[in-house]
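S.K.: Sharing protein.txt, compact mmCIF, C-alpha atoms and all ligand atoms:
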```txt
# COMPACT_ATOMS: atom_id res chain seq x y z
CA MET A 23 -8.35 11.61 6.78
CA ARG A 24 -5.81 11.19 9.59
CA VAL A 25 -2.61 12.99 8.57
CA VAL A 26 0.41 11.88 10.60
CA ILE A 27 3.83 13.50 10.23
CA VAL A 28 6.69 11.59 11.83
CA GLY A 29 10.40 12.21 12.13
CA SER A 30 11.75 9.59 9.74
CA ALA A 31 10.98 6.72 7.36
CA HIS A 32 11.74 4.37 10.26
CA ASP A 33 9.11 6.11 12.40
CA ALA A 34 6.60 5.82 9.55
CA ALA A 35 7.26 2.08 9.30
CA ALA A 36 6.86 1.70 13.06
CA TYR A 37 3.55 3.58 12.98
CA GLY A 38 2.34 1.36 10.15
CA CYS A 39 3.51 -1.79 11.93
CA ASP A 40 1.52 -0.81 15.01
CA LEU A 41 -1.60 -0.43 12.89
CA PHE A 42 -1.08 -3.85 11.28
CA LEU A 43 -0.40 -5.57 14.62
CA GLY A 44 -3.38 -3.83 16.20
CA GLN A 45 -5.61 -5.06 13.40
CA LEU A 46 -4.15 -8.57 13.71
CA HIS A 47 -4.74 -8.56 17.50
CA ASP A 48 -8.37 -7.57 17.03
CA LYS A 49 -8.94 -10.02 14.17
CA PRO A 50 -6.41 -12.89 13.68
CA THR A 51 -8.13 -13.74 10.37
CA SER A 52 -7.54 -10.23 9.01
CA VAL A 53 -7.42 -9.60 5.27
CA PHE A 54 -4.52 -7.32 4.42
CA GLY A 55 -4.02 -5.41 1.16
CA LEU A 56 -0.29 -5.09 0.49
CA ALA A 57 1.95 -2.87 -1.62
CA THR A 58 5.36 -3.12 -3.23
CA GLY A 59 8.10 -0.60 -4.00
CA SER A 60 10.80 0.61 -1.60
CA THR A 61 8.53 2.38 0.89
CA PRO A 62 6.86 -0.71 2.43
CA LEU A 63 10.17 -2.55 2.97
CA ALA A 64 10.81 -1.11 6.45
CA LEU A 65 7.25 -1.92 7.53
CA TYR A 66 7.57 -5.49 6.26
CA GLN A 67 10.84 -5.87 8.16
CA ALA A 68 9.08 -4.64 11.32
CA LEU A 69 6.35 -7.27 10.81
CA ILE A 70 9.01 -9.95 10.32
CA ASP A 71 10.76 -8.82 13.52
CA ALA A 72 7.42 -8.99 15.38
CA HIS A 73 6.95 -12.55 14.11
CA ARG A 74 10.47 -13.63 15.01
CA ASN A 75 10.88 -11.77 18.32
CA GLN A 76 7.34 -11.53 19.71
CA GLY A 77 5.86 -14.70 18.24
CA ILE A 78 3.24 -12.77 16.30
CA SER A 79 1.50 -15.24 13.96
CA PHE A 80 0.12 -14.51 10.49
CA ALA A 81 -1.11 -18.10 10.03
CA GLN A 82 -4.77 -17.09 9.73
CA VAL A 83 -4.15 -13.97 7.64
CA THR A 84 -5.14 -13.53 3.99
CA THR A 85 -3.33 -11.08 1.74
CA PHE A 86 -4.04 -9.40 -1.58
CA ASN A 87 -1.41 -7.37 -3.37
CA LEU A 88 -2.25 -4.20 -5.25
CA ASP A 89 -0.64 -5.02 -8.54
CA GLU A 90 1.64 -7.08 -10.78
CA TYR A 91 3.47 -6.48 -14.02
CA VAL A 92 1.91 -8.01 -17.16
CA GLY A 93 4.32 -10.51 -18.68
CA LEU A 94 6.35 -11.37 -15.59
CA ALA A 95 5.93 -14.83 -14.07
CA GLY A 96 5.85 -15.12 -10.27
CA ASP A 97 9.39 -16.53 -10.23
CA HIS A 98 10.83 -13.60 -12.24
CA SER A 99 13.14 -11.66 -9.94
CA GLN A 100 11.35 -8.39 -10.76
CA SER A 101 7.80 -9.65 -10.42
CA TYR A 102 5.79 -8.36 -7.46
CA ARG A 103 5.06 -11.96 -6.42
CA HIS A 104 8.81 -12.54 -6.14
CA PHE A 105 9.20 -9.21 -4.29
CA MET A 106 6.58 -10.21 -1.73
CA GLN A 107 7.99 -13.73 -1.22
CA ARG A 108 11.47 -12.32 -0.72
CA ASN A 109 10.54 -9.36 1.47
CA LEU A 110 7.72 -10.75 3.59
CA PHE A 111 5.96 -14.04 2.86
CA ASP A 112 9.03 -16.30 3.09
CA CYS A 113 9.90 -14.73 6.46
CA ILE A 114 6.57 -15.10 8.29
CA ASP A 115 4.09 -17.95 8.79
CA VAL A 116 1.41 -16.77 6.37
CA ALA A 117 -0.07 -19.74 4.48
CA PRO A 118 1.09 -19.58 0.83
CA GLU A 119 -2.41 -20.39 -0.41
CA ASN A 120 -3.71 -17.34 1.48
CA THR A 121 -1.43 -14.90 -0.36
CA HIS A 122 -2.77 -13.43 -3.59
CA VAL A 123 -0.99 -11.40 -6.27
CA PRO A 124 -2.61 -10.62 -9.64
CA ASN A 125 -1.53 -13.14 -12.29
CA GLY A 126 0.80 -11.33 -14.68
CA MET A 127 0.92 -14.35 -16.98
CA ALA A 128 -2.86 -14.83 -17.33
CA GLU A 129 -3.95 -15.88 -20.84
CA ASN A 130 -7.08 -13.76 -20.36
CA ALA A 131 -6.09 -10.71 -18.30
CA GLU A 132 -9.64 -9.35 -18.12
CA LEU A 133 -10.91 -12.64 -16.68
CA ALA A 134 -7.99 -12.76 -14.24
CA CYS A 135 -8.94 -9.27 -13.02
CA ALA A 136 -12.59 -10.27 -12.53
CA GLU A 137 -11.47 -13.39 -10.64
CA TYR A 138 -9.22 -11.26 -8.43
CA GLU A 139 -12.14 -9.03 -7.51
CA ALA A 140 -14.22 -12.13 -6.70
CA GLN A 141 -11.44 -13.54 -4.50
CA ILE A 142 -11.31 -10.31 -2.50
CA MET A 143 -15.09 -10.36 -2.09
CA ASN A 144 -15.10 -14.06 -1.12
CA ALA A 145 -12.45 -13.27 1.52
CA GLY A 146 -14.89 -10.78 3.08
CA GLY A 147 -13.18 -7.66 1.75
CA ILE A 148 -9.95 -6.02 2.87
CA ASP A 149 -9.61 -4.94 6.50
CA LEU A 150 -6.45 -2.86 6.10
CA GLN A 151 -5.04 -1.77 2.74
CA LEU A 152 -1.43 -0.56 2.63
CA LEU A 153 -0.50 1.93 -0.08
CA GLY A 154 2.66 3.62 -1.23
CA VAL A 155 2.37 6.50 -3.66
CA GLY A 156 4.07 7.33 -6.91
CA ARG A 157 5.68 10.74 -7.34
CA ASN A 158 2.80 11.58 -9.68
CA GLY A 159 0.25 10.58 -7.04
CA HIS A 160 -0.53 7.12 -8.42
CA ILE A 161 -1.69 4.38 -6.04
CA GLY A 162 -1.11 0.79 -7.06
CA PHE A 163 -0.68 1.29 -10.78
CA ASN A 164 -3.64 3.65 -11.05
CA GLU A 165 -1.96 6.44 -12.95
CA PRO A 166 -3.31 10.00 -13.20
CA SER A 167 -6.58 10.07 -15.21
CA SER A 168 -7.61 6.67 -13.76
CA SER A 169 -11.32 6.48 -13.01
CA LEU A 170 -11.91 7.12 -9.32
CA VAL A 171 -14.37 4.20 -9.28
CA SER A 172 -12.23 1.75 -11.28
CA ARG A 173 -11.90 -1.95 -10.47
CA THR A 174 -9.04 -4.40 -10.94
CA ARG A 175 -7.91 -4.14 -14.58
CA VAL A 176 -5.01 -3.81 -16.98
CA LYS A 177 -3.35 -0.37 -16.90
CA THR A 178 -0.62 1.23 -19.00
CA LEU A 179 2.22 2.73 -17.00
CA THR A 180 3.34 6.31 -17.61
CA GLU A 181 6.83 7.00 -18.88
CA GLY A 182 7.59 8.53 -15.49
CA THR A 183 6.52 5.43 -13.60
CA ILE A 184 8.51 3.20 -15.94
CA ALA A 185 11.54 5.46 -15.44
CA ASP A 186 11.06 5.46 -11.64
CA ASN A 187 10.89 1.66 -11.58
CA ALA A 188 13.72 1.11 -14.10
CA ARG A 189 16.12 1.00 -11.14
CA PHE A 190 14.90 -2.51 -10.41
CA PHE A 191 15.70 -3.84 -13.91
CA ALA A 192 19.12 -4.59 -15.42
CA ASP A 193 20.24 -2.67 -18.52
CA GLY A 194 18.58 -4.16 -21.57
CA GLU A 195 16.30 -6.38 -19.44
CA TYR A 196 12.63 -6.44 -20.52
CA GLN A 197 10.67 -3.96 -18.40
CA PRO A 198 6.89 -4.24 -18.69
CA SER A 199 4.80 -1.20 -19.57
CA LEU A 200 1.48 -2.81 -18.59
CA SER A 201 0.21 -3.90 -15.19
CA LEU A 202 -2.71 -5.60 -13.54
CA THR A 203 -3.82 -3.35 -10.70
CA MET A 204 -6.54 -3.13 -8.13
CA GLY A 205 -8.71 -0.20 -9.14
CA ILE A 206 -9.27 2.93 -7.09
CA GLY A 207 -12.79 1.69 -6.33
CA THR A 208 -11.33 -1.62 -5.17
CA ILE A 209 -8.92 0.22 -2.86
CA MET A 210 -11.68 2.44 -1.51
CA ASP A 211 -13.74 -0.63 -0.55
CA ALA A 212 -11.12 -1.50 2.07
CA ARG A 213 -12.38 -0.83 5.59
CA ARG A 214 -9.21 1.09 6.47
CA VAL A 215 -6.47 2.47 4.20
CA LEU A 216 -2.92 3.30 5.29
CA LEU A 217 -0.78 5.30 2.87
CA ILE A 218 2.92 5.72 3.71
CA ALA A 219 5.02 8.32 1.93
CA THR A 220 8.66 9.14 2.62
CA GLY A 221 11.28 11.29 0.97
CA ASP A 222 11.19 14.63 -0.81
CA SER A 223 10.22 13.03 -4.13
CA LYS A 224 6.73 12.49 -2.69
CA ALA A 225 6.21 16.05 -1.33
CA ASP A 226 4.32 17.32 -4.40
CA ALA A 227 2.11 14.23 -4.51
CA MET A 228 1.29 14.53 -0.80
CA ARG A 229 0.37 18.20 -1.04
CA ALA A 230 -1.95 17.41 -3.98
CA ALA A 231 -3.38 14.33 -2.28
CA ILE A 232 -4.08 15.99 1.08
CA GLU A 233 -4.62 19.66 0.29
CA GLY A 234 -5.66 19.61 -3.35
CA PRO A 235 -9.04 18.78 -4.88
CA VAL A 236 -10.26 15.21 -5.17
CA SER A 237 -9.18 14.59 -8.74
CA ALA A 238 -8.15 11.81 -11.11
CA ALA A 239 -5.14 14.02 -11.78
CA CYS A 240 -3.85 12.84 -8.39
CA PRO A 241 -5.34 9.40 -7.69
CA ALA A 242 -4.16 9.46 -4.04
CA SER A 243 -6.50 12.44 -3.46
CA ILE A 244 -9.40 9.97 -3.44
CA LEU A 245 -8.44 9.13 0.16
CA GLN A 246 -10.15 12.39 1.13
CA MET A 247 -13.38 10.48 0.43
CA HIS A 248 -12.52 7.44 2.59
CA ALA A 249 -14.09 7.17 6.06
CA ASP A 250 -10.97 5.67 7.63
CA ALA A 251 -7.85 6.73 5.73
CA ILE A 252 -4.55 7.29 7.50
CA VAL A 253 -1.64 9.00 5.75
CA VAL A 254 1.74 8.69 7.45
CA MET A 255 4.74 10.56 6.12
CA ASP A 256 8.17 11.73 7.16
CA GLU A 257 9.18 15.40 7.33
CA ALA A 258 10.56 15.32 3.77
CA ALA A 259 7.33 14.08 2.23
CA ALA A 260 5.37 16.59 4.35
CA ALA A 261 7.61 19.51 3.43
CA LYS A 262 5.12 21.17 1.04
CA LEU A 263 2.00 20.80 3.19
CA ARG A 264 0.54 24.20 4.07
CA ASN A 265 -1.22 23.01 7.23
CA ALA A 266 1.46 20.70 8.68
CA GLU A 267 1.35 22.35 12.13
CA PHE A 268 -2.39 21.77 12.34
CA TYR A 269 -2.01 18.08 11.41
CA ARG A 270 0.66 17.69 14.11
CA PHE A 271 -1.65 19.34 16.68
CA VAL A 272 -4.60 17.14 15.69
CA GLU A 273 -2.48 13.99 16.05
CA THR A 274 -1.28 14.98 19.53
CA GLN A 275 -4.90 15.63 20.55
CA ARG A 276 -5.93 12.24 19.10
CA ILE A 277 -3.22 10.48 21.10
CA LYS A 278 -4.29 12.25 24.31
CA LEU A 279 -7.93 11.30 23.70
CA ALA A 280 -6.99 7.69 22.98
CA ALA A 281 -4.91 7.53 26.17
CA LYS A 282 -7.78 8.98 28.19
CA SER A 283 -10.34 6.54 26.79
CA SER A 284 -8.05 3.54 27.34
CA ALA A 285 -7.43 4.65 30.94
CA ALA A 286 -11.16 5.04 31.59
N1 LIG B 1 3.06 -0.01 -8.25
C1 LIG B 1 4.01 0.58 -7.31
C2 LIG B 1 3.24 1.40 -6.31
O1 LIG B 1 2.39 0.55 -5.54
C3 LIG B 1 4.23 2.12 -5.40
O2 LIG B 1 3.54 2.85 -4.39
C4 LIG B 1 5.08 3.06 -6.25
C5 LIG B 1 6.03 3.89 -5.40
O3 LIG B 1 7.12 3.06 -5.04
P1 LIG B 1 8.24 3.53 -3.98
O4 LIG B 1 7.66 3.18 -2.62
O5 LIG B 1 9.45 2.71 -4.32
O6 LIG B 1 8.46 5.00 -4.15
O7 LIG B 1 5.82 2.26 -7.18
C6 LIG B 1 5.06 1.41 -8.05
O8 LIG B 1 4.46 2.20 -8.99
```
Give the structure from this file in C-alpha cells form.
Ligand SMILES: N[C@@H]1[C@@H](O)[C@H](O)[C@@H](COP(=O)(O)O)O[C@@H]1O
M.R.:
Amino acid sequence: MRVVIVGSAHDAAAYGCDLFLGQLHDKPTSVFGLATGSTPLALYQALIDAHRNQGISFAQVTTFNLDEYVGLAGDHSQSYRHFMQRNLFDCIDVAPENTHVPNGMAENAELACAEYEAQIMNAGGIDLQLLGVGRNGHIGFNEPSSSLVSRTRVKTLTEGTIADNARFFADGEYQPSLSLTMGIGTIMDARRVLLIATGDSKADAMRAAIEGPVSAACPASILQMHADAIVVMDEAAAAKLRNAEFYRFVETQRIKLAAKSSAA
C-alpha cells in the first residue's frame, strides 16, 4: 500500500487527478470506478478543468459507480446518478451510455446487482477504482461487518452513515436506508485502487485502515491486501497515524526513484 500524506484536500485532489490522467494517457479506453460524497468533488473538478483547459478527452472511457440508494430514481436530486451527472458527466465528453450507476429503482435488486457485476466483467474489469471512506471505515456502502469477499448487493446503512449523509436531504424528505453497492471483492478486483481521505473526521478510520489489522470491522483495511492500492490523505486525516514520518520518507524516495528511471 502506497501511503501519501499531502498538505491539503486540494493537494489530494491534484494527486488523484494526476493518477487518473496518467491512466487515461496510457489507456484512452480506461475503465474507471467512481465514488460519490464530498471528498471526490475536488478531483472531479480537476478532471473537468483538464478537459476544458487541456483538451483531455474522456470519449472512450467507461465508468462504474460504487453505489446507489435503493428507491431513488436517477433524476432524484439526491441519487448518486444525479450527483455524478451534475458533478462530472455533464461537464466532460464521456459517452452517456458508457457511464454506469447501480439501478436504485430495479424491480429485482438481486438481478440488477448480478447484471452490474457482469457489465464490469464485460468491460474488462476496472483499471482504476476511486474510493472515499466513511468515518467508520466503510468503502462504497460496505459497512463494518461486510464480508471482505462480497460482491455487488443490497446493503443496509448504519445509523451513523445515514446521519452523516442526512446533510444532503431536506428536513422530512425520504432518506433511503438501503443501498446497492459494489462489494469489497468487486472493489479488490480493480487493477489499481485510489482511496482519498481528508479532514479530521477520517483520522480514526485511516489509522484503522492503514495500521490496524485487516478486518471487516474496518472495511477499508482490506486495501492492505491489494497489490496496487494508493491512499492519499491530508494532514488532518493522517493525524492519528503512528508511522506518518516513515510514509512521508517512503514517498520522497519513490518520487526520486521515479525521476531517476524516467531520466534514464
Ligand atoms: N457511499 C458513500 C461513500 O462512497 C463515501 O466514501 C462516504 C464518505 O463521503 P464523504 O466523502 O462525503 O465523507 O459517503 C457515502 O457513504
S.K.: Enumerate as a PyMOL selection string the residues within 9 Å of ligand LIG 1 (chain B), counting all atoms listed in the file.
M.R.: chain A and resi 56-63+88-91+102+153-157+159-165+179+183-184+186-187+201+203+217-221+223-224
S.K.: Quick check, in Å to one decimal: how far apart do atom CA of A:Leu43 and atom CA of A:Thr84 lie?
M.R.: 14.1 Å
S.K.: Using all atoms listed in the file, which residues sit within 9 Å of A:Leu46 once same-chain residues fewer than 6 positions away are excluded, as number ranges by chain?
M.R.: A: 52, 78-80, 83
S.K.: So that I can check the surroundings of stretch 126-140 of chain A, please list as a list in words every protein, DNA and RNA residue that reaches within 10 Å of it, counting only C-alpha atoms and ignoring chain neighbours fewer than 4 positions away.
M.R.: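 These residues fall inside the cut-off: Phe86, Asp89, Glu90, Tyr91, Val92, Gly93, Leu94, Ala95, Gly96, Ser101, Tyr102, Arg103, His122, Asn144, Ala145, Gly146, Gly147, Arg173, Thr174, Arg175, Val176, Leu200, Ser201, Leu202, Thr203, Met204, Gly205 and Thr208 of chain A.
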S.K.: Have a look at A:Asp115, A:Asp48, A:Asp250, A:Glu257 and name the one nearest to A:Ala225; count all atoms listed in the file.
M.R.: A:Glu257
S.K.: Kindly give the distance, in Å, that separates atom CA of A:Gln67 and atom CA of A:His32, rounded to a single decimal.
M.R.: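 Between these atoms lies a distance of 10.5 Å.
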S.K.: In Å to one decimal, how far is atom CA of A:Pro50 from atom CA of A:Met143?
M.R.: 18.2 Å
S.K.: Using all atoms listed in the file - which residues lie no farther than 10 Å from the point (-7.3, -2.6, 11.5) in the file's frame? Write them as a PDB file with C-alpha atoms, in the frame of the given file.
M.R.:
```pdb
ATOM      1  CA  ASP A  40       1.520  -0.810  15.010  1.00  0.00           C
ATOM      2  CA  LEU A  41      -1.600  -0.430  12.890  1.00  0.00           C
ATOM      3  CA  PHE A  42      -1.080  -3.850  11.280  1.00  0.00           C
ATOM      4  CA  LEU A  43      -0.400  -5.570  14.620  1.00  0.00           C
ATOM      5  CA  GLY A  44      -3.380  -3.830  16.200  1.00  0.00           C
ATOM      6  CA  GLN A  45      -5.610  -5.060  13.400  1.00  0.00           C
ATOM      7  CA  LEU A  46      -4.150  -8.570  13.710  1.00  0.00           C
ATOM      8  CA  HIS A  47      -4.740  -8.560  17.500  1.00  0.00           C
ATOM      9  CA  ASP A  48      -8.370  -7.570  17.030  1.00  0.00           C
ATOM     10  CA  LYS A  49      -8.940 -10.020  14.170  1.00  0.00           C
ATOM     11  CA  SER A  52      -7.540 -10.230   9.010  1.00  0.00           C
ATOM     12  CA  VAL A  53      -7.420  -9.600   5.270  1.00  0.00           C
ATOM     13  CA  PHE A  54      -4.520  -7.320   4.420  1.00  0.00           C
ATOM     14  CA  ILE A 148      -9.950  -6.020   2.870  1.00  0.00           C
ATOM     15  CA  ASP A 149      -9.610  -4.940   6.500  1.00  0.00           C
ATOM     16  CA  LEU A 150      -6.450  -2.860   6.100  1.00  0.00           C
ATOM     17  CA  GLN A 151      -5.040  -1.770   2.740  1.00  0.00           C
ATOM     18  CA  ARG A 213     -12.380  -0.830   5.590  1.00  0.00           C
ATOM     19  CA  ARG A 214      -9.210   1.090   6.470  1.00  0.00           C
ATOM     20  CA  VAL A 215      -6.470   2.470   4.200  1.00  0.00           C
ATOM     21  CA  LEU A 216      -2.920   3.300   5.290  1.00  0.00           C
ATOM     22  CA  ASP A 250     -10.970   5.670   7.630  1.00  0.00           C
TER      23      ASP A 250
END
```
S.K.: Which is closer to A:Asp226 than all the others in A:Arg270, A:His104, A:Lys282, A:Arg264, using only C-alpha atoms?
M.R.: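 Closest candidate: A:Arg264.
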S.K.: Please tell me which residues are no farther than 12 Å from (-5.6, 9.3, -8.9) in the file, counting only C-alpha atoms, and write them as a PyMOL selection string.
M.R.: chain A and resi 155-172+205-207+209-210+227-228+230-231+234-246
S.K.: Which residues are near A:Cys113? Cut-off 12 Å, all atoms listed in the file, ignore same chain within fewer than 5 positions. Put them as number ranges by chain.
M.R.: A: 66-74, 79-80, 106-108, 118
S.K.: For each of A:Thr178, A:Ser99, A:Ser283, A:Thr51, take the minimum atom-to-atom distance to A:Ala117, counting only C-alpha atoms, then give the residue where this is smallest.
M.R.: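 Closest residue, counting only C-alpha atoms: A:Thr51.
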